[in-house]
file final33.cif (mmCIF, C-alpha atoms and all ligand atoms)
data_data
#
loop_
_atom_site.label_atom_id
_atom_site.label_comp_id
_atom_site.auth_asym_id
_atom_site.auth_seq_id
_atom_site.Cartn_x
_atom_site.Cartn_y
_atom_site.Cartn_z
CA MET R 1 0.00 0.00 0.00
CA ASN R 2 1.45 3.41 -0.90
CA GLN R 3 2.12 6.16 1.68
CA PHE R 4 -0.79 8.34 0.48
CA ARG R 5 -3.26 5.50 0.95
CA ILE R 6 -1.89 4.75 4.45
CA LYS R 7 -2.23 8.42 5.43
CA ALA R 8 -5.78 8.52 4.06
CA ILE R 9 -6.81 5.47 6.09
CA ASN R 10 -5.36 6.99 9.28
CA ILE R 11 -7.19 10.27 8.68
CA GLU R 12 -10.47 8.46 8.11
CA LYS R 13 -9.96 6.68 11.45
CA GLU R 14 -9.22 9.99 13.17
CA ILE R 15 -12.40 11.57 11.78
CA LYS R 16 -14.46 8.67 13.15
CA CYS R 17 -12.77 9.03 16.56
CA ILE R 18 -13.66 12.73 16.75
CA GLU R 19 -17.21 12.18 15.55
CA SER R 20 -17.78 9.49 18.15
CA PHE R 21 -16.07 11.35 21.01
CA PRO R 22 -18.74 11.34 23.75
CA ASP R 23 -20.44 14.73 24.20
CA GLU R 24 -20.84 14.27 27.97
CA HIS R 25 -17.11 13.58 28.42
CA TYR R 26 -16.12 16.72 26.49
CA ILE R 27 -18.68 18.91 28.23
CA LYS R 28 -17.56 17.65 31.66
CA ILE R 29 -13.94 18.62 30.92
CA VAL R 30 -14.67 22.11 29.60
CA HIS R 31 -17.21 22.67 32.40
CA GLU R 32 -14.60 21.77 35.02
CA ALA R 33 -12.08 24.18 33.44
CA GLY R 34 -14.71 26.94 33.19
CA PHE R 35 -12.50 28.92 30.77
CA GLU R 36 -13.48 32.46 29.90
CA CYS R 37 -11.70 34.68 27.37
CA ASP R 38 -10.44 38.00 28.77
CA CYS R 39 -9.76 39.44 25.29
CA CYS R 40 -6.00 39.74 25.83
CA GLY R 41 -5.45 39.20 22.08
CA LYS R 42 -2.49 36.82 22.49
CA CYS R 43 -4.09 34.26 20.16
CA CYS R 44 -3.91 36.84 17.36
CA THR R 45 -0.16 37.26 17.81
CA SER R 46 2.95 35.19 17.30
CA GLU R 47 3.02 34.65 21.07
CA PHE R 48 0.30 32.00 20.71
CA ASN R 49 -0.04 31.26 16.98
CA ASP R 50 2.35 31.35 14.06
CA HIS R 51 -0.44 31.19 11.49
CA VAL R 52 -4.20 30.98 11.10
CA PHE R 53 -5.15 28.03 8.89
CA LEU R 54 -8.19 28.56 6.68
CA LEU R 55 -10.73 25.90 5.86
CA ASP R 56 -12.00 26.30 2.30
CA ASP R 57 -15.13 28.17 3.45
CA ASP R 58 -13.00 30.58 5.51
CA ALA R 59 -10.67 31.20 2.55
CA ALA R 60 -13.58 31.67 0.14
CA GLY R 61 -15.13 34.29 2.45
CA ILE R 62 -11.86 36.23 2.76
CA ILE R 63 -11.16 36.02 -0.98
CA GLY R 64 -14.59 37.64 -1.45
CA THR R 65 -13.98 40.44 1.10
CA PRO R 66 -11.46 41.82 2.02
CA GLY R 67 -9.67 39.96 -0.79
CA ARG R 68 -6.89 37.65 -1.88
CA ASP R 69 -4.16 40.03 -0.74
CA PHE R 70 -4.71 38.83 2.83
CA ILE R 71 -4.11 35.12 2.26
CA ARG R 72 -1.09 32.97 1.46
CA PRO R 73 -0.32 29.28 1.07
CA ALA R 74 -0.32 27.70 4.54
CA PRO R 75 3.21 27.30 5.88
CA TYR R 76 4.68 23.83 6.49
CA PHE R 77 4.25 22.50 2.97
CA ASP R 78 3.07 18.90 2.95
CA VAL R 79 4.68 17.39 -0.12
CA CYS R 80 7.25 18.18 -2.84
CA ASP R 81 7.30 16.48 -6.23
CA ASN R 82 10.42 15.34 -8.07
CA LEU R 83 10.37 18.59 -10.11
CA GLY R 84 10.69 20.72 -6.96
CA ARG R 85 7.10 21.97 -6.64
CA PHE R 86 5.51 22.11 -3.21
CA TYR R 87 1.92 21.13 -2.38
CA VAL R 88 -0.06 22.26 0.65
CA MET R 89 -3.55 21.46 1.87
CA GLY R 90 -4.92 25.01 2.02
CA TYR R 91 -4.48 28.72 2.62
CA ALA R 92 -3.65 30.68 5.76
CA LEU R 93 -4.02 34.32 6.70
CA LYS R 94 -0.90 36.36 6.05
CA THR R 95 1.12 37.52 9.01
CA LYS R 96 2.69 40.91 9.67
CA PRO R 97 6.50 41.27 9.87
CA ASN R 98 6.33 40.71 13.65
CA GLY R 99 4.36 37.47 13.14
CA ASP R 100 0.98 38.84 14.27
CA CYS R 101 -2.15 38.09 12.24
CA ILE R 102 -2.64 40.52 9.35
CA PHE R 103 -6.12 41.38 10.67
CA TYR R 104 -4.85 42.25 14.17
CA ILE R 105 -4.63 46.04 14.24
CA GLY R 106 -4.79 48.33 17.25
CA GLY R 107 -5.39 45.43 19.61
CA ARG R 108 -8.50 44.32 17.71
CA CYS R 109 -9.53 41.99 14.91
CA GLN R 110 -10.38 44.27 12.01
CA HIS R 111 -12.58 41.60 10.39
CA TYR R 112 -14.11 40.02 13.47
CA GLU R 113 -17.42 39.31 11.75
CA ILE R 114 -15.71 37.08 9.15
CA ARG R 115 -12.98 35.64 11.39
CA PRO R 116 -12.09 32.03 10.48
CA LEU R 117 -13.66 29.10 12.30
CA ILE R 118 -10.42 28.32 14.15
CA CYS R 119 -10.57 31.81 15.71
CA ARG R 120 -14.19 31.25 16.73
CA ILE R 121 -13.41 28.06 18.65
CA PHE R 122 -9.98 28.87 20.14
CA PRO R 123 -8.85 27.71 22.70
CA TYR R 124 -11.24 24.77 22.47
CA MET R 125 -10.06 21.80 20.43
CA LEU R 126 -10.50 18.07 20.03
CA HIS R 127 -7.45 16.53 18.53
CA ARG R 128 -4.64 14.32 19.65
CA GLU R 129 -1.38 15.81 20.84
CA PRO R 130 1.49 14.53 22.93
CA ASP R 131 1.54 15.64 26.58
CA GLU R 132 4.71 16.62 28.50
CA ASP R 133 5.64 12.91 28.69
CA GLY R 134 5.04 12.33 24.99
CA ASN R 135 1.80 10.38 25.49
CA ILE R 136 -0.59 11.03 22.62
CA GLU R 137 -4.12 11.69 23.73
CA PHE R 138 -7.07 13.95 23.04
CA ARG R 139 -6.69 17.60 24.10
CA GLN R 140 -9.74 19.75 24.72
CA ILE R 141 -8.37 23.17 25.68
CA GLY R 142 -5.21 24.81 24.31
CA GLY R 143 -2.75 26.79 26.46
CA LEU R 144 -4.51 25.84 29.67
CA ASP R 145 -3.65 28.28 32.52
CA LEU R 146 -1.68 30.54 30.15
CA HIS R 147 -4.54 32.85 29.22
CA GLY R 148 -8.06 33.83 30.18
CA SER R 149 -9.74 33.05 33.50
CA TYR R 150 -10.99 29.76 34.93
CA HIS R 151 -13.75 28.26 37.06
CA ASN R 152 -16.42 30.42 35.48
CA GLU R 153 -19.95 29.14 34.97
CA SER R 154 -21.64 28.62 31.61
CA SER R 155 -24.79 26.79 30.59
CA ALA R 156 -24.93 23.26 29.20
CA GLU R 157 -26.31 24.78 25.96
CA GLU R 158 -23.22 26.97 25.59
CA TYR R 159 -20.89 24.01 26.08
CA LYS R 160 -22.84 21.98 23.55
CA GLU R 161 -22.54 24.83 21.05
CA ILE R 162 -18.77 24.97 21.65
CA LEU R 163 -18.52 21.21 21.11
CA ASP R 164 -20.52 21.33 17.87
CA ASN R 165 -18.24 24.03 16.46
CA VAL R 166 -15.10 22.23 17.65
CA LYS R 167 -16.18 19.01 15.95
CA LYS R 168 -17.08 20.99 12.84
CA TYR R 169 -13.60 22.53 12.69
CA GLU R 170 -11.60 19.43 13.61
CA THR R 171 -13.43 17.13 11.20
CA GLY R 172 -13.47 19.89 8.54
CA PHE R 173 -9.70 20.20 8.83
CA LEU R 174 -9.21 16.44 8.55
CA ARG R 175 -11.63 16.11 5.61
CA GLN R 176 -9.76 18.86 3.76
CA LYS R 177 -6.52 16.98 4.48
CA LEU R 178 -8.02 13.70 3.32
CA GLU R 179 -9.30 15.21 0.06
CA PHE R 180 -5.90 16.84 -0.45
CA ILE R 181 -4.07 13.54 -0.06
CA GLN R 182 -6.47 11.76 -2.39
CA ALA R 183 -6.08 14.57 -4.96
CA ILE R 184 -2.28 14.44 -4.73
CA GLU R 185 -2.26 10.68 -5.26
CA LYS R 186 -4.44 11.06 -8.37
CA TYR R 187 -2.51 14.09 -9.70
CA PHE R 188 0.87 12.41 -9.29
CA LYS R 189 -0.37 9.26 -11.02
CA GLU R 190 -1.87 11.16 -13.94
CA ASN R 191 1.24 13.34 -14.40
CA ASN R 192 3.85 10.70 -13.73
CA LEU R 193 5.20 12.55 -10.69
CA ARG R 194 6.45 11.23 -7.40
CA ASN R 195 6.87 12.48 -3.86
CA SER R 196 10.54 13.35 -3.19
CA GLN R 197 11.87 14.02 0.31
CA GLN R 198 15.29 14.81 -1.15
CA MET R 199 13.79 17.48 -3.40
CA PHE R 200 11.68 18.75 -0.49
CA ASP R 201 14.81 19.34 1.62
CA ARG R 202 16.69 20.97 -1.26
CA MET R 203 13.84 23.33 -2.17
CA MET R 204 13.24 24.23 1.49
CA ARG R 205 16.89 25.31 1.79
CA GLN R 206 16.42 27.53 -1.25
CA TYR R 207 13.13 28.90 0.09
CA GLN R 208 14.77 29.73 3.43
CA LYS R 209 17.43 31.69 1.53
CA GLY R 210 14.72 33.77 -0.18
CA THR R 211 14.42 32.00 -3.56
CA GLU R 212 10.97 31.96 -5.18
CA VAL R 213 9.24 28.58 -5.14
CA GLU R 214 6.07 27.19 -6.72
CA VAL R 215 3.42 26.05 -4.30
CA TYR R 216 0.24 24.26 -5.39
CA VAL R 217 -2.49 25.08 -2.90
CA PHE R 218 -5.46 22.73 -2.56
CA PHE R 219 -8.63 24.80 -2.64
CA ARG R 220 -12.17 23.75 -3.47
CA GLY R 221 -11.06 20.38 -4.86
CA ARG R 222 -8.27 21.57 -7.17
CA PHE R 223 -4.75 22.96 -7.04
CA GLU R 224 -4.05 26.69 -7.40
CA LYS R 225 -0.52 27.61 -8.39
CA GLU R 226 1.20 30.30 -6.30
CA VAL R 227 4.76 31.57 -6.67
CA ILE R 228 6.07 32.82 -3.35
CA SER R 229 9.25 33.73 -1.54
CA LYS R 230 9.84 33.90 2.20
CA GLN R 231 10.52 37.65 2.13
CA ILE R 232 7.27 38.47 0.35
CA ILE R 233 5.16 36.52 2.83
CA ASN R 234 6.83 37.55 6.03
CA PRO R 235 9.59 40.14 5.53
CA GLU R 236 12.27 40.08 8.23
S1 LIG G 301 -8.58 36.64 12.14
FE1 LIG G 301 -9.04 38.06 13.79
S2 LIG G 301 -9.51 36.74 15.53
FE2 LIG G 301 -8.41 35.48 14.04
S3 LIG G 301 -6.24 35.62 14.61
FE3 LIG G 301 -6.64 37.21 13.09
S4 LIG G 301 -7.06 39.04 14.28
FE4 LIG G 301 -7.32 37.28 15.64
S1 LIG G 302 -8.80 33.22 23.68
FE1 LIG G 302 -7.18 33.37 25.19
S2 LIG G 302 -5.40 34.24 24.12
FE2 LIG G 302 -7.25 34.63 22.87
S3 LIG G 302 -7.95 36.66 23.49
FE3 LIG G 302 -9.06 35.18 24.74
S4 LIG G 302 -7.84 34.94 26.62
FE4 LIG G 302 -6.53 35.94 25.10
#
call {"tool": "encode", "arguments": {"input": "final33.cif", "output": "structure tokens", "more": "lines below"}}
Ligand code: SF4
Ligand code: SF4
result
Amino acid sequence: MNQFRIKAINIEKEIKCIESFPDEHYIKIVHEAGFECDCCGKCCTSEFNDHVFLLDDDAAGIIGTPGRDFIRPAPYFDVCDNLGRFYVMGYALKTKPNGDCIFYIGGRCQHYEIRPLICRIFPYMLHREPDEDGNIEFRQIGGLDLHGSYHNESSAEEYKEILDNVKKYETGFLRQKLEFIQAIEKYFKENNLRNSQQMFDRMMRQYQKGTEVEVYVFFRGRFEKEVISKQIINPE
């Protein structure tokens, strides 16, 4: 079985795990934490996040208004073909030179009404991450005790709404990844290309030095070609 197929099977399993994660268990954990946002804004800065990943619906909304100038291929390219072209599973918001989100101006989100789904759910999550000892298990709240206030009361309806949005984001992210992997497998087969780690490493070295690279961004079921350099995206 090829590596794309293995990845796809693992993602399908992960989606099922999230979908079947018991509501009561999640609600009990977030209820016990009682997190409340104090609007410090750290999650809009490089202190907490190095990029804001956009699901296709998020990207489509931003492309509509305020426009394409605010998005870029998501960092951490997934694959490189033997001709030196990168592939990535979606777009992200651009960042400012200091690493803050491009929409974060004057301590506020300038496009709060169309903020991406990840911003709407943060710091709630439902995906597996290693803990301090390296044990992989589900995490429900990011940056616990590093922001906001705790032991606040909310209603069961509010927690259920949080959970529904968290599952929507986490499964949406994985479905986009799954479709991306399936599309890559098909595209490589049709165009006689192959995944090359050696080429990935070589092109990343060039990218880090400021050379322009081609990145094929998966969006709405097809690949969009972008030509980018590190300086243009995040000047230092
Ligand atoms: S889109 Fe808005 S809420 Fe999301 S990180 Fe950027 S400034 Fe913050
Ligand atoms: S979610 Fe957390 S980091 Fe973001 S503004 Fe609220 S308290 Fe600050």
call {"tool": "atom_distance", "arguments": {"input": "final33.cif", "atom1": "atom CA of Gln140 of chain R", "atom2": "atom CA of Arg5 of chain R"}}
result
28.5 Å
call {"tool": "residues_around", "arguments": {"input": "final33.cif", "residues": "segment 176-182 of chain R", "least_positions_apart": "4", "cutoff": "7 Å", "atoms": "all atoms listed in the file", "output": "mmCIF file with C-alpha atoms, in the frame of the given file"}}
result
data_model
loop_
_atom_site.group_PDB
_atom_site.id
_atom_site.type_symbol
_atom_site.label_atom_id
_atom_site.label_comp_id
_atom_site.auth_asym_id
_atom_site.auth_seq_id
_atom_site.Cartn_x
_atom_site.Cartn_y
_atom_site.Cartn_z
ATOM 1 C CA PHE R 4 -0.790 8.340 0.480
ATOM 2 C CA ALA R 8 -5.780 8.520 4.060
ATOM 3 C CA ILE R 11 -7.190 10.270 8.680
ATOM 4 C CA MET R 89 -3.550 21.460 1.870
ATOM 5 C CA GLY R 172 -13.470 19.890 8.540
ATOM 6 C CA LYS R 186 -4.440 11.060 -8.370
ATOM 7 C CA PHE R 218 -5.460 22.730 -2.560
#
call {"tool": "residues_near_ligand", "arguments": {"input": "final33.cif", "ligand": "ligand LIG 301 (chain G)", "cutoff": "6 Å", "atoms": "all atoms listed in the file", "output": "PDB file with C-alpha atoms, in the coordinates of the input"}}
result
ATOM      1  CA  CYS R  44      -3.910  36.840  17.360  1.00  0.00           C
ATOM      2  CA  CYS R 101      -2.150  38.090  12.240  1.00  0.00           C
ATOM      3  CA  PHE R 103      -6.120  41.380  10.670  1.00  0.00           C
ATOM      4  CA  TYR R 104      -4.850  42.250  14.170  1.00  0.00           C
ATOM      5  CA  CYS R 109      -9.530  41.990  14.910  1.00  0.00           C
ATOM      6  CA  TYR R 112     -14.110  40.020  13.470  1.00  0.00           C
ATOM      7  CA  ARG R 115     -12.980  35.640  11.390  1.00  0.00           C
ATOM      8  CA  CYS R 119     -10.570  31.810  15.710  1.00  0.00           C
TER       9      CYS R 119
END
call {"tool": "residues_around", "arguments": {"input": "final33.cif", "residues": "segment 60-74 of chain R", "least_positions_apart": "3", "cutoff": "12 Å", "atoms": "all atoms listed in the file", "output": "PDB file with C-alpha atoms, in the coordinates of the input"}}
result
ATOM      1  CA  ASP R  50       2.350  31.350  14.060  1.00  0.00           C
ATOM      2  CA  HIS R  51      -0.440  31.190  11.490  1.00  0.00           C
ATOM      3  CA  VAL R  52      -4.200  30.980  11.100  1.00  0.00           C
ATOM      4  CA  PHE R  53      -5.150  28.030   8.890  1.00  0.00           C
ATOM      5  CA  LEU R  54      -8.190  28.560   6.680  1.00  0.00           C
ATOM      6  CA  LEU R  55     -10.730  25.900   5.860  1.00  0.00           C
ATOM      7  CA  ASP R  56     -12.000  26.300   2.300  1.00  0.00           C
ATOM      8  CA  ASP R  57     -15.130  28.170   3.450  1.00  0.00           C
ATOM      9  CA  PHE R  77       4.250  22.500   2.970  1.00  0.00           C
ATOM     10  CA  ASP R  78       3.070  18.900   2.950  1.00  0.00           C
ATOM     11  CA  PHE R  86       5.510  22.110  -3.210  1.00  0.00           C
ATOM     12  CA  TYR R  87       1.920  21.130  -2.380  1.00  0.00           C
ATOM     13  CA  VAL R  88      -0.060  22.260   0.650  1.00  0.00           C
ATOM     14  CA  MET R  89      -3.550  21.460   1.870  1.00  0.00           C
ATOM     15  CA  GLY R  90      -4.920  25.010   2.020  1.00  0.00           C
ATOM     16  CA  TYR R  91      -4.480  28.720   2.620  1.00  0.00           C
ATOM     17  CA  ALA R  92      -3.650  30.680   5.760  1.00  0.00           C
ATOM     18  CA  LEU R  93      -4.020  34.320   6.700  1.00  0.00           C
ATOM     19  CA  LYS R  94      -0.900  36.360   6.050  1.00  0.00           C
ATOM     20  CA  THR R  95       1.120  37.520   9.010  1.00  0.00           C
ATOM     21  CA  LYS R  96       2.690  40.910   9.670  1.00  0.00           C
ATOM     22  CA  CYS R 101      -2.150  38.090  12.240  1.00  0.00           C
ATOM     23  CA  ILE R 102      -2.640  40.520   9.350  1.00  0.00           C
ATOM     24  CA  PHE R 103      -6.120  41.380  10.670  1.00  0.00           C
ATOM     25  CA  TYR R 104      -4.850  42.250  14.170  1.00  0.00           C
ATOM     26  CA  GLN R 110     -10.380  44.270  12.010  1.00  0.00           C
ATOM     27  CA  HIS R 111     -12.580  41.600  10.390  1.00  0.00           C
ATOM     28  CA  TYR R 112     -14.110  40.020  13.470  1.00  0.00           C
ATOM     29  CA  GLU R 113     -17.420  39.310  11.750  1.00  0.00           C
ATOM     30  CA  ILE R 114     -15.710  37.080   9.150  1.00  0.00           C
ATOM     31  CA  ARG R 115     -12.980  35.640  11.390  1.00  0.00           C
ATOM     32  CA  PRO R 116     -12.090  32.030  10.480  1.00  0.00           C
ATOM     33  CA  LEU R 117     -13.660  29.100  12.300  1.00  0.00           C
ATOM     34  CA  VAL R 213       9.240  28.580  -5.140  1.00  0.00           C
ATOM     35  CA  GLU R 214       6.070  27.190  -6.720  1.00  0.00           C
ATOM     36  CA  VAL R 215       3.420  26.050  -4.300  1.00  0.00           C
ATOM     37  CA  TYR R 216       0.240  24.260  -5.390  1.00  0.00           C
ATOM     38  CA  VAL R 217      -2.490  25.080  -2.900  1.00  0.00           C
ATOM     39  CA  PHE R 218      -5.460  22.730  -2.560  1.00  0.00           C
ATOM     40  CA  PHE R 219      -8.630  24.800  -2.640  1.00  0.00           C
ATOM     41  CA  ARG R 220     -12.170  23.750  -3.470  1.00  0.00           C
ATOM     42  CA  PHE R 223      -4.750  22.960  -7.040  1.00  0.00           C
ATOM     43  CA  GLU R 224      -4.050  26.690  -7.400  1.00  0.00           C
ATOM     44  CA  LYS R 225      -0.520  27.610  -8.390  1.00  0.00           C
ATOM     45  CA  GLU R 226       1.200  30.300  -6.300  1.00  0.00           C
ATOM     46  CA  VAL R 227       4.760  31.570  -6.670  1.00  0.00           C
ATOM     47  CA  ILE R 228       6.070  32.820  -3.350  1.00  0.00           C
ATOM     48  CA  SER R 229       9.250  33.730  -1.540  1.00  0.00           C
ATOM     49  CA  LYS R 230       9.840  33.900   2.200  1.00  0.00           C
ATOM     50  CA  ILE R 232       7.270  38.470   0.350  1.00  0.00           C
ATOM     51  CA  ILE R 233       5.160  36.520   2.830  1.00  0.00           C
ATOM     52  CA  ASN R 234       6.830  37.550   6.030  1.00  0.00           C
TER      53      ASN R 234
END
call {"tool": "residues_near_ligand", "arguments": {"input": "final33.cif", "ligand": "ligand LIG 302 (chain G)", "cutoff": "12 Å", "atoms": "only C-alpha atoms and all ligand atoms", "output": "PDB file with C-alpha atoms, in the frame of the given file"}}
result
ATOM      1  CA  PHE R  35     -12.500  28.920  30.770  1.00  0.00           C
ATOM      2  CA  GLU R  36     -13.480  32.460  29.900  1.00  0.00           C
ATOM      3  CA  CYS R  37     -11.700  34.680  27.370  1.00  0.00           C
ATOM      4  CA  ASP R  38     -10.440  38.000  28.770  1.00  0.00           C
ATOM      5  CA  CYS R  39      -9.760  39.440  25.290  1.00  0.00           C
ATOM      6  CA  CYS R  40      -6.000  39.740  25.830  1.00  0.00           C
ATOM      7  CA  GLY R  41      -5.450  39.200  22.080  1.00  0.00           C
ATOM      8  CA  LYS R  42      -2.490  36.820  22.490  1.00  0.00           C
ATOM      9  CA  CYS R  43      -4.090  34.260  20.160  1.00  0.00           C
ATOM     10  CA  CYS R  44      -3.910  36.840  17.360  1.00  0.00           C
ATOM     11  CA  THR R  45      -0.160  37.260  17.810  1.00  0.00           C
ATOM     12  CA  SER R  46       2.950  35.190  17.300  1.00  0.00           C
ATOM     13  CA  GLU R  47       3.020  34.650  21.070  1.00  0.00           C
ATOM     14  CA  PHE R  48       0.300  32.000  20.710  1.00  0.00           C
ATOM     15  CA  ASN R  49      -0.040  31.260  16.980  1.00  0.00           C
ATOM     16  CA  TYR R 104      -4.850  42.250  14.170  1.00  0.00           C
ATOM     17  CA  GLY R 107      -5.390  45.430  19.610  1.00  0.00           C
ATOM     18  CA  ARG R 108      -8.500  44.320  17.710  1.00  0.00           C
ATOM     19  CA  CYS R 109      -9.530  41.990  14.910  1.00  0.00           C
ATOM     20  CA  ILE R 118     -10.420  28.320  14.150  1.00  0.00           C
ATOM     21  CA  CYS R 119     -10.570  31.810  15.710  1.00  0.00           C
ATOM     22  CA  ARG R 120     -14.190  31.250  16.730  1.00  0.00           C
ATOM     23  CA  ILE R 121     -13.410  28.060  18.650  1.00  0.00           C
ATOM     24  CA  PHE R 122      -9.980  28.870  20.140  1.00  0.00           C
ATOM     25  CA  PRO R 123      -8.850  27.710  22.700  1.00  0.00           C
ATOM     26  CA  TYR R 124     -11.240  24.770  22.470  1.00  0.00           C
ATOM     27  CA  MET R 125     -10.060  21.800  20.430  1.00  0.00           C
ATOM     28  CA  ILE R 141      -8.370  23.170  25.680  1.00  0.00           C
ATOM     29  CA  GLY R 142      -5.210  24.810  24.310  1.00  0.00           C
ATOM     30  CA  GLY R 143      -2.750  26.790  26.460  1.00  0.00           C
ATOM     31  CA  LEU R 144      -4.510  25.840  29.670  1.00  0.00           C
ATOM     32  CA  ASP R 145      -3.650  28.280  32.520  1.00  0.00           C
ATOM     33  CA  LEU R 146      -1.680  30.540  30.150  1.00  0.00           C
ATOM     34  CA  HIS R 147      -4.540  32.850  29.220  1.00  0.00           C
ATOM     35  CA  GLY R 148      -8.060  33.830  30.180  1.00  0.00           C
ATOM     36  CA  SER R 149      -9.740  33.050  33.500  1.00  0.00           C
ATOM     37  CA  TYR R 150     -10.990  29.760  34.930  1.00  0.00           C
TER      38      TYR R 150
END
call {"tool": "closest_residue", "arguments": {"input": "final33.cif", "among": "R:His127, R:Gly106, R:Gly134, R:Ala33", "to": "Glu170 of chain R", "atoms": "only C-alpha atoms"}}
result
R:His127
call {"tool": "closest_residue", "arguments": {"input": "final33.cif", "among": "R:Arg175, R:Lys167, R:Arg194, R:His151", "to": "Ser20 of chain R", "atoms": "all atoms listed in the file"}}
result
R:Lys167
call {"tool": "closest_residue", "arguments": {"input": "final33.cif", "among": "R:Lys7, R:Ile18, R:Glu212, R:Val166", "to": "Glu137 of chain R", "atoms": "all atoms listed in the file"}}
result
R:Ile18
call {"tool": "axis_aligned_box", "arguments": {"input": "final33.cif", "around": "segment 205-208 of chain R", "padding_each_side": "5 Å", "output": "lines of an AutoDock Vina configuration file"}}
result
center_x = 15.0
center_y = 27.5
center_z = 1.1
size_x = 13.8
size_y = 14.4
size_z = 14.7
call {"tool": "atom_distance", "arguments": {"input": "final33.cif", "atom1": "atom CA of Ala183 of chain R", "atom2": "atom CA of Asp164 of chain R"}}
result
27.8 Å
call {"tool": "closest_residue", "arguments": {"input": "final33.cif", "among": "R:Arg128, R:His31, R:Arg205, R:Lys189", "to": "Ala156 of chain R", "atoms": "only C-alpha atoms"}}
result
R:His31
call {"tool": "atom_distance", "arguments": {"input": "final33.cif", "atom1": "atom CA of Asn10 of chain R", "atom2": "atom CA of Ile136 of chain R"}}
result
14.7 Å
call {"tool": "closest_residue", "arguments": {"input": "final33.cif", "among": "R:Tyr207, R:Tyr159, R:Phe200, R:Tyr169", "to": "Tyr26 of chain R", "atoms": "all atoms listed in the file"}}
result
R:Tyr159
call {"tool": "closest_residue", "arguments": {"input": "final33.cif", "among": "R:Glu161, R:Gln197, R:Leu126, R:Thr171", "to": "Pro22 of chain R", "atoms": "all atoms listed in the file"}}
result
R:Leu126
